[in-house]
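Source file: protein.txt (compact mmCIF, C-alpha atoms and all ligand atoms)
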# COMPACT_ATOMS: atom_id res chain seq x y z
CA MET A 1 -15.38 15.81 5.06
CA ILE A 2 -18.50 17.51 3.88
CA PHE A 3 -18.64 18.20 0.17
CA PRO A 4 -18.84 21.94 -0.50
CA TRP A 5 -22.20 21.60 -2.28
CA HIS A 6 -23.65 19.66 0.68
CA GLN A 7 -22.96 22.35 3.22
CA ASN A 8 -26.35 24.05 3.20
CA ALA A 9 -28.25 20.78 3.39
CA PHE A 10 -25.97 19.49 6.12
CA ALA A 11 -26.37 22.69 8.13
CA LYS A 12 -30.12 22.23 7.96
CA LEU A 13 -29.78 18.67 9.27
CA THR A 14 -27.51 19.60 12.16
CA GLN A 15 -29.81 22.46 13.01
CA MET A 16 -32.64 19.95 13.44
CA LEU A 17 -30.41 17.98 15.78
CA GLU A 18 -29.36 20.97 17.82
CA GLN A 19 -32.94 22.05 18.25
CA ASN A 20 -33.88 18.52 19.22
CA HIS A 21 -36.05 18.19 16.17
CA LEU A 22 -34.69 15.00 14.79
CA PRO A 23 -37.63 13.86 12.68
CA HIS A 24 -38.83 10.28 12.42
CA ALA A 25 -38.64 10.49 8.68
CA LEU A 26 -36.27 12.48 6.55
CA LEU A 27 -36.41 13.00 2.81
CA ILE A 28 -33.24 13.90 0.93
CA THR A 29 -33.82 15.02 -2.66
CA GLY A 30 -31.53 16.13 -5.46
CA ALA A 31 -30.46 15.27 -8.99
CA GLU A 32 -28.90 11.93 -9.82
CA LYS A 33 -25.28 11.69 -8.55
CA ILE A 34 -25.51 14.84 -6.45
CA GLY A 35 -24.56 12.68 -3.43
CA LYS A 36 -27.78 12.04 -1.49
CA PHE A 37 -26.46 8.77 -0.05
CA GLU A 38 -23.15 10.39 0.94
CA LEU A 39 -25.03 13.12 2.76
CA ALA A 40 -27.27 10.58 4.51
CA MET A 41 -24.28 8.52 5.63
CA ARG A 42 -22.46 11.56 6.88
CA PHE A 43 -25.51 12.50 8.91
CA ILE A 44 -25.89 8.96 10.29
CA GLN A 45 -22.25 9.01 11.29
CA THR A 46 -22.86 12.28 13.11
CA LEU A 47 -25.71 10.63 14.99
CA LEU A 48 -23.85 7.46 15.93
CA CYS A 49 -20.26 8.47 16.52
CA GLU A 50 -19.52 9.60 20.02
CA ASN A 51 -16.40 11.51 19.03
CA SER A 52 -17.77 13.82 16.34
CA VAL A 53 -17.14 11.62 13.29
CA CYS A 54 -13.78 10.22 14.31
CA GLY A 55 -13.54 7.53 11.64
CA GLU A 56 -12.01 5.16 14.16
CA CYS A 57 -14.67 4.09 16.62
CA GLN A 58 -16.68 0.91 16.16
CA HIS A 59 -19.65 2.72 14.60
CA CYS A 60 -17.54 4.73 12.18
CA ARG A 61 -15.75 1.59 11.04
CA GLN A 62 -18.99 -0.33 10.61
CA LEU A 63 -20.49 2.46 8.52
CA ALA A 64 -17.41 2.75 6.37
CA LYS A 65 -17.89 -0.86 5.27
CA ASP A 66 -21.42 -0.29 4.01
CA ASN A 67 -21.80 -0.11 0.29
CA PRO A 68 -25.44 -0.80 -0.51
CA ARG A 69 -24.84 0.37 -4.08
CA ASP A 70 -22.84 -2.75 -4.80
CA VAL A 71 -24.67 -4.98 -7.21
CA LEU A 72 -25.28 -8.30 -5.50
CA ASP A 73 -25.35 -11.66 -7.23
CA GLN A 74 -28.81 -12.38 -5.98
CA SER A 75 -31.79 -10.22 -5.44
CA VAL A 76 -32.58 -9.44 -1.83
CA LEU A 77 -35.59 -7.78 -0.26
CA ILE A 78 -33.50 -5.60 1.98
CA ARG A 79 -29.83 -5.26 2.79
CA ARG A 80 -28.42 -5.13 6.25
CA SER A 81 -25.86 -2.61 7.28
CA HIS A 82 -22.70 -3.46 9.16
CA TYR A 83 -24.19 -1.33 11.90
CA PRO A 84 -26.54 -3.88 13.47
CA ASN A 85 -29.53 -1.54 13.76
CA MET A 86 -29.59 -0.27 10.23
CA VAL A 87 -31.24 -1.58 7.10
CA PHE A 88 -31.23 -0.47 3.45
CA CYS A 89 -33.97 -0.91 0.91
CA ARG A 90 -33.63 -0.49 -2.86
CA PRO A 91 -35.22 -1.98 -5.98
CA GLU A 92 -34.69 -5.73 -6.28
CA LEU A 93 -32.99 -7.41 -9.20
CA SER A 94 -35.15 -9.01 -11.83
CA GLU A 95 -34.50 -12.51 -13.11
CA SER A 96 -32.30 -11.12 -15.85
CA GLY A 97 -30.17 -9.42 -13.20
CA ARG A 98 -31.46 -5.97 -14.03
CA GLU A 99 -32.63 -3.60 -11.35
CA SER A 100 -36.40 -3.53 -11.07
CA LYS A 101 -38.11 -0.24 -11.83
CA GLU A 102 -40.06 -0.27 -8.60
CA ILE A 103 -39.81 -0.98 -4.92
CA ARG A 104 -42.44 -3.55 -4.03
CA VAL A 105 -44.64 -3.97 -1.00
CA ASN A 106 -42.93 -7.14 0.29
CA GLN A 107 -39.68 -5.18 0.47
CA ILE A 108 -41.21 -2.34 2.46
CA ARG A 109 -42.87 -4.86 4.79
CA ALA A 110 -39.56 -6.57 5.48
CA PHE A 111 -37.94 -3.17 5.93
CA CYS A 112 -40.53 -1.94 8.43
CA ASP A 113 -40.49 -5.28 10.20
CA ILE A 114 -36.81 -4.97 11.01
CA LEU A 115 -37.27 -1.39 12.19
CA SER A 116 -40.08 -2.39 14.52
CA LYS A 117 -37.85 -4.72 16.51
CA THR A 118 -37.18 -3.28 19.92
CA ALA A 119 -33.68 -2.03 20.47
CA ASP A 120 -32.03 0.41 22.80
CA ALA A 121 -29.83 1.87 20.13
CA LEU A 122 -31.05 4.11 17.32
CA GLN A 123 -32.77 2.15 14.55
CA ILE A 124 -32.16 3.50 11.08
CA GLY A 125 -33.71 2.60 7.74
CA VAL A 126 -32.61 4.07 4.40
CA ILE A 127 -34.71 3.76 1.25
CA PHE A 128 -32.94 4.36 -2.07
CA TYR A 129 -35.05 5.57 -5.00
CA ALA A 130 -37.99 6.15 -2.66
CA ASP A 131 -39.83 7.78 -5.58
CA GLN A 132 -39.92 4.32 -7.18
CA MET A 133 -42.09 2.74 -4.50
CA ASN A 134 -45.22 1.38 -6.08
CA VAL A 135 -48.61 2.32 -4.64
CA ASN A 136 -48.85 -0.66 -2.30
CA ALA A 137 -45.32 -0.19 -1.06
CA ALA A 138 -45.97 3.49 -0.38
CA ASN A 139 -49.16 2.67 1.51
CA SER A 140 -47.32 0.12 3.58
CA LEU A 141 -44.60 2.63 4.47
CA LEU A 142 -47.24 5.20 5.29
CA LYS A 143 -48.59 3.00 8.08
CA THR A 144 -45.18 2.96 9.73
CA LEU A 145 -44.77 6.70 9.28
CA GLU A 146 -48.17 7.31 10.83
CA GLU A 147 -47.21 5.50 14.00
CA PRO A 148 -43.65 6.64 14.52
CA ARG A 149 -41.65 4.81 17.15
CA GLU A 150 -39.17 6.36 19.50
CA ASN A 151 -35.55 6.05 18.54
CA THR A 152 -36.24 5.26 14.89
CA LEU A 153 -35.15 7.24 11.87
CA ILE A 154 -36.27 6.52 8.32
CA ILE A 155 -34.37 8.28 5.54
CA LEU A 156 -35.83 8.41 2.04
CA LEU A 157 -33.58 9.29 -0.89
CA ALA A 158 -35.30 10.45 -4.06
CA HIS A 159 -34.58 12.32 -7.28
CA ASN A 160 -38.00 13.77 -7.49
CA ALA A 161 -40.05 14.67 -4.42
CA ASN A 162 -43.11 15.26 -6.60
CA ALA A 163 -43.20 11.59 -7.52
CA LEU A 164 -43.91 10.69 -3.89
CA PRO A 165 -47.48 10.63 -2.53
CA ALA A 166 -48.45 13.78 -0.66
CA THR A 167 -49.35 11.66 2.37
CA ILE A 168 -45.75 10.51 2.65
CA LEU A 169 -44.28 13.94 1.90
CA SER A 170 -46.30 15.50 4.68
CA ARG A 171 -44.73 13.12 7.19
CA CYS A 172 -41.14 13.80 6.19
CA GLN A 173 -38.83 16.66 6.92
CA SER A 174 -37.11 17.35 3.65
CA VAL A 175 -33.69 18.53 2.67
CA HIS A 176 -32.70 19.32 -0.91
CA ILE A 177 -29.22 19.30 -2.43
CA SER A 178 -29.00 21.84 -5.25
CA PRO A 179 -26.68 21.71 -8.25
CA THR A 180 -23.60 23.82 -7.69
CA PHE A 181 -21.48 26.21 -9.72
CA ASP A 182 -19.66 28.03 -6.91
CA SER A 183 -15.92 28.41 -6.62
CA GLU A 184 -15.53 25.92 -3.76
CA SER A 185 -17.15 23.17 -5.82
CA VAL A 186 -15.03 24.09 -8.84
CA GLU A 187 -11.97 23.84 -6.64
CA TRP A 188 -13.10 20.46 -5.30
CA LEU A 189 -13.60 19.26 -8.87
CA SER A 190 -10.22 20.47 -10.07
CA LYS A 191 -8.58 18.50 -7.25
CA HIS A 192 -10.42 15.39 -8.39
CA ILE A 193 -9.33 15.54 -12.00
CA ASP A 194 -6.41 13.20 -12.69
CA SER A 195 -3.22 15.21 -12.58
CA GLU A 196 -2.26 14.30 -16.15
CA LYS A 197 -5.62 15.54 -17.42
CA ARG A 198 -5.67 18.63 -15.25
CA SER A 199 -4.01 20.97 -17.72
CA ASP A 200 -6.37 19.94 -20.54
CA PHE A 201 -9.61 20.77 -18.80
CA ASP A 202 -11.18 23.76 -17.23
CA ALA A 203 -12.97 22.64 -14.05
CA ALA A 204 -15.57 25.42 -14.24
CA GLN A 205 -16.49 24.37 -17.76
CA LEU A 206 -16.62 20.69 -16.80
CA LEU A 207 -19.02 21.54 -14.01
CA GLU A 208 -21.19 23.56 -16.40
CA ASN A 209 -21.32 20.63 -18.80
CA ALA A 210 -22.31 18.29 -15.97
CA HIS A 211 -25.17 20.64 -15.00
CA GLY A 212 -23.59 21.51 -11.68
CA ILE A 213 -23.18 17.94 -10.46
CA PRO A 214 -19.53 17.43 -9.48
CA PHE A 215 -19.62 13.61 -9.16
CA LYS A 216 -21.08 13.44 -12.65
CA ALA A 217 -18.30 15.64 -13.98
CA VAL A 218 -15.70 13.33 -12.43
CA GLU A 219 -17.40 10.27 -13.86
CA GLU A 220 -17.73 11.71 -17.34
CA LEU A 221 -14.07 12.54 -17.34
CA GLN A 222 -13.11 9.01 -16.39
CA GLY A 223 -14.73 7.44 -19.40
CA ASP A 224 -14.10 8.70 -22.90
CA TYR A 225 -17.56 10.25 -23.01
CA PHE A 226 -16.26 13.66 -22.09
CA LEU A 227 -13.51 13.52 -24.69
CA GLN A 228 -16.04 12.59 -27.31
CA PHE A 229 -18.40 15.27 -26.08
CA GLN A 230 -15.63 17.78 -26.29
CA SER A 231 -14.74 16.86 -29.84
CA TRP A 232 -18.40 17.20 -30.89
CA GLN A 233 -18.49 20.54 -29.15
CA ASN A 234 -15.36 21.77 -30.92
CA HIS A 235 -16.64 20.58 -34.25
CA LEU A 236 -20.00 22.29 -33.73
CA LEU A 237 -18.31 25.55 -32.80
CA GLU A 238 -16.06 25.35 -35.82
CA MET A 239 -19.15 25.00 -38.00
CA ALA A 240 -20.73 28.16 -36.65
CA MET A 241 -17.42 30.01 -36.95
CA ASN A 242 -17.00 29.01 -40.61
CA PRO A 243 -20.41 29.13 -42.28
CA ALA A 244 -18.92 29.00 -45.76
CA LYS A 245 -17.32 25.60 -45.19
CA THR A 246 -19.16 22.45 -46.21
CA ILE A 247 -20.75 20.73 -43.25
CA GLU A 248 -18.82 17.61 -42.29
CA THR A 249 -20.97 15.25 -40.23
CA LYS A 250 -18.98 12.02 -40.22
CA LEU A 251 -17.96 12.62 -36.63
CA PHE A 252 -21.61 12.51 -35.54
CA GLU A 253 -22.61 9.30 -37.31
CA GLY A 254 -24.40 6.97 -34.92
CA TYR A 255 -24.48 9.72 -32.28
CA GLU A 256 -27.16 11.97 -33.77
CA LEU A 257 -29.14 12.24 -30.55
CA GLU A 258 -26.02 12.84 -28.44
CA THR A 259 -24.94 15.54 -30.88
CA LEU A 260 -28.30 17.27 -30.58
CA VAL A 261 -27.99 17.17 -26.79
CA CYS A 262 -24.46 18.53 -27.06
CA LEU A 263 -25.62 21.41 -29.27
CA GLN A 264 -28.54 22.05 -26.95
CA GLN A 265 -26.17 22.42 -24.00
CA LEU A 266 -23.86 24.62 -25.98
CA ILE A 267 -26.62 27.01 -27.05
CA THR A 268 -28.22 27.01 -23.58
CA GLU A 269 -24.88 28.02 -22.13
CA GLY A 270 -24.47 30.63 -24.92
CA VAL A 271 -27.88 32.12 -24.17
CA ARG A 272 -27.04 32.25 -20.47
CA LEU A 273 -23.80 34.12 -21.20
CA LYS A 274 -25.52 36.48 -23.60
CA LEU A 275 -28.27 37.33 -21.13
CA LEU A 276 -25.75 37.91 -18.35
CA LYS A 277 -23.61 39.95 -20.80
CA THR A 278 -20.58 37.96 -19.75
CA GLN A 279 -17.92 35.71 -21.31
CA GLY A 280 -17.55 31.97 -20.74
CA ALA A 281 -14.61 29.62 -20.81
CA LEU A 282 -15.12 28.73 -24.50
CA LEU A 283 -13.70 31.53 -26.66
CA GLU A 284 -15.46 30.38 -29.85
CA LEU A 285 -18.80 30.19 -28.10
CA ASN A 286 -18.37 33.78 -26.90
CA LYS A 287 -17.75 34.87 -30.49
CA VAL A 288 -20.69 32.96 -31.90
CA VAL A 289 -23.24 34.19 -29.36
CA ASN A 290 -21.94 37.72 -29.75
CA LYS A 291 -22.88 37.71 -33.42
CA ALA A 292 -26.06 35.63 -33.24
CA SER A 293 -29.38 37.13 -32.26
CA LEU A 294 -31.03 35.96 -29.08
CA ASP A 295 -34.26 35.40 -30.95
CA ASN A 296 -32.63 33.01 -33.42
CA LEU A 297 -30.83 31.16 -30.66
CA PHE A 298 -34.12 30.61 -28.86
CA ARG A 299 -35.81 29.43 -32.05
CA LEU A 300 -33.04 26.97 -32.71
CA LEU A 301 -33.24 25.70 -29.14
CA ASP A 302 -36.94 25.13 -29.75
CA ASP A 303 -36.26 23.14 -32.89
CA ILE A 304 -33.57 21.11 -31.15
CA SER A 305 -35.93 20.18 -28.30
CA ARG A 306 -38.50 19.17 -30.88
CA SER A 307 -35.93 17.02 -32.68
CA ILE A 308 -34.86 15.40 -29.42
CA SER A 309 -38.44 14.54 -28.53
CA LEU A 310 -38.92 13.05 -31.99
CA ALA A 311 -35.92 10.81 -31.42
CA GLN A 312 -38.22 8.51 -29.43
CA ASP A 313 -39.94 7.63 -32.70
CA PRO A 314 -38.26 5.86 -35.58
CA VAL A 315 -37.62 9.02 -37.57
CA ASN A 316 -34.65 9.71 -39.70
CA MET A 317 -32.25 11.11 -37.13
CA THR A 318 -29.57 11.94 -39.69
CA LEU A 319 -31.98 14.14 -41.59
CA LEU A 320 -33.19 15.85 -38.42
CA LEU A 321 -29.64 16.54 -37.32
CA ASP A 322 -28.61 17.77 -40.77
CA ASN A 323 -31.45 20.26 -40.84
CA VAL A 324 -30.60 21.58 -37.41
CA LEU A 325 -26.92 21.83 -38.33
CA ILE A 326 -27.67 23.85 -41.47
CA VAL A 327 -29.38 26.47 -39.34
CA TRP A 328 -26.67 26.33 -36.67
CA SER A 329 -23.87 26.79 -39.19
CA HIS A 330 -25.50 30.05 -40.36
CA ILE A 331 -26.54 31.24 -36.91
CA THR A 332 -24.11 34.18 -36.82
CA HIS A 333 -25.63 35.90 -39.83
CA LEU A 334 -29.20 34.57 -40.14
CA LYS A 335 -31.49 37.31 -41.47
CA GLN A 336 -34.66 35.30 -41.21
CA TYR A 337 -35.07 32.11 -39.25
CA PRO A 338 -35.96 29.30 -41.67
CA ILE A 339 -38.72 26.78 -41.19
CA ILE A 340 -37.37 23.30 -40.72
CA THR A 341 -40.01 21.46 -42.72
CA ASN A 342 -39.77 17.92 -41.46
CA LEU A 343 -40.14 19.22 -37.91
CA ARG A 344 -43.31 21.17 -38.67
CA GLU A 345 -44.91 18.40 -40.66
CA VAL A 346 -44.73 15.84 -37.91
CA SER A 347 -45.48 18.12 -34.98
ZN ZN B 1 -16.51 7.53 15.33
Represent the structure contained in this file as C-alpha cells.
Amino acid sequence: MIFPWHQNAFAKLTQMLEQNHLPHALLITGAEKIGKFELAMRFIQTLLCENSVCGECQHCRQLAKDNPRDVLDQSVLIRRSHYPNMVFCRPELSESGRESKEIRVNQIRAFCDILSKTADALQIGVIFYADQMNVNAANSLLKTLEEPRENTLIILLAHNANALPATILSRCQSVHISPTFDSESVEWLSKHIDSEKRSDFDAAQLLENAHGIPFKAVEELQGDYFLQFQSWQNHLLEMAMNPAKTIETKLFEGYELETLVCLQQLITEGVRLKLLKTQGALLELNKVVNKASLDNLFRLLDDISRSISLAQDPVNMTLLLDNVLIVWSHITHLKQYPIITNLREVS
C-alpha cells in the first residue's frame, strides 16, 4: 500500500517512469520519519516486480527481507540487499558502536564499485543520510553521477537537500515528501493507534503534535513520551486558565527544556488557530487564545525560543522556565508584556 501522505511523491515517480524518464539518480527528501526509505522501497518494487507489486514473486520476497536500518554488530562499509543487484550505504558504526556522523569516502568507493559491475538486471544503490556524506565522499559520488551507466539507479535519501553540494543536486531528480495534516492521514493514524488507547486520543491532535509526521505520532504514542507530553500540556493549560493559583512546577523538574518545547508547540498551535479564526481539538487552548492578545502570544514565543537556544549553555534552566511560566500564567489578561530580565541580560 502507498501511505496517504506519499501519494503525491509516488505519483511524481511513476510519472517519470511512464514518460520513460527514469533518472540515473533520484533524491528523496523529507523530515525525519516521514518514510523516505518506505517510499524508495515501494518504488524499487514497482521497478522490479513483473506483476505490479504482487508481494509474492522472487523480487518482492527478496525486497521484503531487506532491513538496512537494523543495527549490525559490526560496522560495514556497505550492506547488500537480498536482491542481488542492490546495495545500501549508510554511516558506519564507530568503535563505541555508535553511528558515525558522516559517510566516508571509502564507503562511497565500495558502493560505486559494486554498481559498476556489469549486469543485465537493473543495478540499484540506496544511500541513507546522503546529506551526511563528507566532502571527499560527495566528490567520489559525483564522479559516478557524471558518467551515468545504463541500467543503474542511485537513490539518495536526505533530510535536508540544502546540505548536499549543488553539483550533486543538479544531477538528481528530486522528490519531496511533505508533512501531512489531511483527513486521509488522520484516518491512517487513527487505525494505527492501539485499540485500547484509541478512545483516549484524538488522531488529528496527535498528528499536529508530531508536526504532521504520522510515523512519529505512532512512535511517540508507543513510548510514554506522549503521555508525559500530554500531562505537561494539560498542566500548562490549567495554569493559563487559573492565573490566580500558585504555579506548581514539580511536574516539570528535570524536564525544563522539554516543557519549554511543549509550551512552544502549544502556543504555536494557538496562534495558528487564532489567525485562522477557528477552534482546535483542545478546548482549554481555544479559551486561552481567545482571551490572549496575538501580540503577547508572539512575544512569549520569542522569549521561549530565546530560552530554548540558551539551554545549550549551562544556564539555570529552572529560573528560565519559571520566568516564562509567570508570563504564560497571566497571558489571558496581560496589559503590558513584561521584560524577562535574565533573557535580556544574556542576549
Ligand atoms: Zn512481485
Within 10 Å of ligand ZN 1 (chain B), which residues show up when you count only C-alpha atoms and all ligand atoms? List them as a PyMOL selection string, please. chain A and resi 45-63
Using the selection just defined, write its residues with C-alpha atoms as a PDB file, in the coordinates of the input.
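Output (again09.pdb):
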ATOM      1  CA  GLN A  45     -22.250   9.010  11.290  1.00  0.00           C
ATOM      2  CA  THR A  46     -22.860  12.280  13.110  1.00  0.00           C
ATOM      3  CA  LEU A  47     -25.710  10.630  14.990  1.00  0.00           C
ATOM      4  CA  LEU A  48     -23.850   7.460  15.930  1.00  0.00           C
ATOM      5  CA  CYS A  49     -20.260   8.470  16.520  1.00  0.00           C
ATOM      6  CA  GLU A  50     -19.520   9.600  20.020  1.00  0.00           C
ATOM      7  CA  ASN A  51     -16.400  11.510  19.030  1.00  0.00           C
ATOM      8  CA  SER A  52     -17.770  13.820  16.340  1.00  0.00           C
ATOM      9  CA  VAL A  53     -17.140  11.620  13.290  1.00  0.00           C
ATOM     10  CA  CYS A  54     -13.780  10.220  14.310  1.00  0.00           C
ATOM     11  CA  GLY A  55     -13.540   7.530  11.640  1.00  0.00           C
ATOM     12  CA  GLU A  56     -12.010   5.160  14.160  1.00  0.00           C
ATOM     13  CA  CYS A  57     -14.670   4.090  16.620  1.00  0.00           C
ATOM     14  CA  GLN A  58     -16.680   0.910  16.160  1.00  0.00           C
ATOM     15  CA  HIS A  59     -19.650   2.720  14.600  1.00  0.00           C
ATOM     16  CA  CYS A  60     -17.540   4.730  12.180  1.00  0.00           C
ATOM     17  CA  ARG A  61     -15.750   1.590  11.040  1.00  0.00           C
ATOM     18  CA  GLN A  62     -18.990  -0.330  10.610  1.00  0.00           C
ATOM     19  CA  LEU A  63     -20.490   2.460   8.520  1.00  0.00           C
TER      20      LEU A  63
END
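For the choices A:Ala204, A:Leu169, A:Val315, A:Leu221, the atom-to-atom distance to A:Gly280 is smallest for A:Ala204 when using all atoms listed in the file.
Nearest-residue note for A:Asp202: choosing from A:Leu26, A:Leu189, A:Ile331, A:Met241, the minimum distance belongs to A:Leu189, counting all atoms listed in the file.
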With all atoms listed in the file counted and 8 Å as the cut-off, give the residues of stretch 168-250 of chain A in contact with stretch 28-33 of chain A, each with its shortest interatomic distance in Å and the pair that gives it, as a tab-separated table.
residue	atom	partner	partner_atom	distance
A:Ser174	CA	A:Ile28	CA	5.9
A:Val175	CA	A:Ile28	CA	5.0
A:His176	CA	A:Thr29	CA	4.8
A:Ile177	CA	A:Gly30	CA	5.0
A:Ser178	CA	A:Gly30	CA	6.2
A:Pro179	CA	A:Ala31	CA	7.5
A:Ile213	CA	A:Lys33	CA	6.9
A:Phe215	CA	A:Lys33	CA	6.0
A:Lys216	CA	A:Lys33	CA	6.1
Enclose all atoms of stretch 100-110 of chain A listed in the file in an axis-aligned box, grow every side by 3 Å, and hand back centre and edge lengths in Å to one decimal, as lines of an AutoDock Vina configuration file.
center_x = -40.5
center_y = -3.7
center_z = -3.2
size_x = 14.2
size_y = 12.9
size_z = 23.3
Close residues, A:Met133 itself excluded, 9 Å, only C-alpha atoms, min 2 positions apart in chain, as number ranges by chain: A: 91, 101-105, 108, 129-131, 135-138, 164
With all atoms listed in the file as the atoms that count, which of A:Thr278, A:Thr249, A:His211, A:Leu145 lies nearest to A:Leu266? A:His211
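In this comparison, which uses all atoms listed in the file, the residue of A:Leu141, A:Asp322, A:Ile304, A:Asp120 approaching A:Pro165 most closely is A:Leu141.
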Quick one: residues within 12 Å of A:Asn234, only C-alpha atoms counted, chain neighbours fewer than 3 positions away excluded, as a PyMOL selection string? chain A and resi 227-231+237-241+251+259+262-263+266+282-285
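With atom CA of A:Tyr83 on one side and atom CA of A:Thr152 on the other, the separation reads 14.1 Å.
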Since the input is missing atoms for stretch 240-262 of chain A, could you rebuild it with N, CA and C atoms and give the result as a CSV table (one decimal), in the frame of the given file?
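The file below, result29.csv, is the result:
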chain,number,residue,atom,x,y,z
A,240,ALA,N,-20.1,26.8,-36.8
A,240,ALA,CA,-20.7,28.2,-36.6
A,240,ALA,C,-19.7,29.3,-36.9
A,241,MET,N,-18.4,29.0,-36.7
A,241,MET,CA,-17.4,30.0,-37.0
A,241,MET,C,-17.1,30.1,-38.4
A,242,ASN,N,-17.3,29.0,-39.2
A,242,ASN,CA,-17.0,29.0,-40.6
A,242,ASN,C,-18.2,28.6,-41.5
A,243,PRO,N,-19.2,29.5,-41.6
A,243,PRO,CA,-20.4,29.1,-42.3
A,243,PRO,C,-20.2,28.8,-43.7
A,244,ALA,N,-19.1,29.2,-44.3
A,244,ALA,CA,-18.9,29.0,-45.8
A,244,ALA,C,-18.4,27.6,-46.0
A,245,LYS,N,-17.9,26.9,-45.0
A,245,LYS,CA,-17.3,25.6,-45.2
A,245,LYS,C,-18.4,24.6,-45.3
A,246,THR,N,-18.2,23.5,-46.1
A,246,THR,CA,-19.2,22.4,-46.2
A,246,THR,C,-19.3,21.7,-44.9
A,247,ILE,N,-20.5,21.4,-44.5
A,247,ILE,CA,-20.8,20.7,-43.2
A,247,ILE,C,-20.3,19.3,-43.3
A,248,GLU,N,-19.4,19.0,-42.4
A,248,GLU,CA,-18.8,17.6,-42.3
A,248,GLU,C,-19.5,16.9,-41.1
A,249,THR,N,-20.2,15.8,-41.3
A,249,THR,CA,-21.0,15.2,-40.2
A,249,THR,C,-20.5,13.8,-39.9
A,250,LYS,N,-19.4,13.4,-40.5
A,250,LYS,CA,-19.0,12.0,-40.2
A,250,LYS,C,-18.8,11.7,-38.7
A,251,LEU,N,-18.2,12.7,-38.1
A,251,LEU,CA,-18.0,12.6,-36.6
A,251,LEU,C,-19.2,12.3,-35.8
A,252,PHE,N,-20.4,12.7,-36.3
A,252,PHE,CA,-21.6,12.5,-35.5
A,252,PHE,C,-22.4,11.2,-35.9
A,253,GLU,N,-21.9,10.5,-36.9
A,253,GLU,CA,-22.6,9.3,-37.3
A,253,GLU,C,-22.8,8.3,-36.2
A,254,GLY,N,-24.1,7.9,-36.0
A,254,GLY,CA,-24.4,7.0,-34.9
A,254,GLY,C,-24.6,7.7,-33.6
A,255,TYR,N,-24.3,9.0,-33.5
A,255,TYR,CA,-24.5,9.7,-32.3
A,255,TYR,C,-25.4,10.9,-32.5
A,256,GLU,N,-26.4,10.8,-33.4
A,256,GLU,CA,-27.2,12.0,-33.8
A,256,GLU,C,-27.8,12.6,-32.5
A,257,LEU,N,-28.4,11.7,-31.7
A,257,LEU,CA,-29.1,12.2,-30.6
A,257,LEU,C,-28.2,12.9,-29.6
A,258,GLU,N,-27.0,12.3,-29.3
A,258,GLU,CA,-26.0,12.8,-28.4
A,258,GLU,C,-25.5,14.2,-29.0
A,259,THR,N,-25.4,14.3,-30.3
A,259,THR,CA,-24.9,15.5,-30.9
A,259,THR,C,-26.0,16.6,-30.7
A,260,LEU,N,-27.2,16.3,-30.8
A,260,LEU,CA,-28.3,17.3,-30.6
A,260,LEU,C,-28.3,17.8,-29.1
A,261,VAL,N,-28.1,16.8,-28.2
A,261,VAL,CA,-28.0,17.2,-26.8
A,261,VAL,C,-26.8,18.1,-26.5
A,262,CYS,N,-25.7,17.7,-27.2
A,262,CYS,CA,-24.5,18.5,-27.1
A,262,CYS,C,-24.7,20.0,-27.5
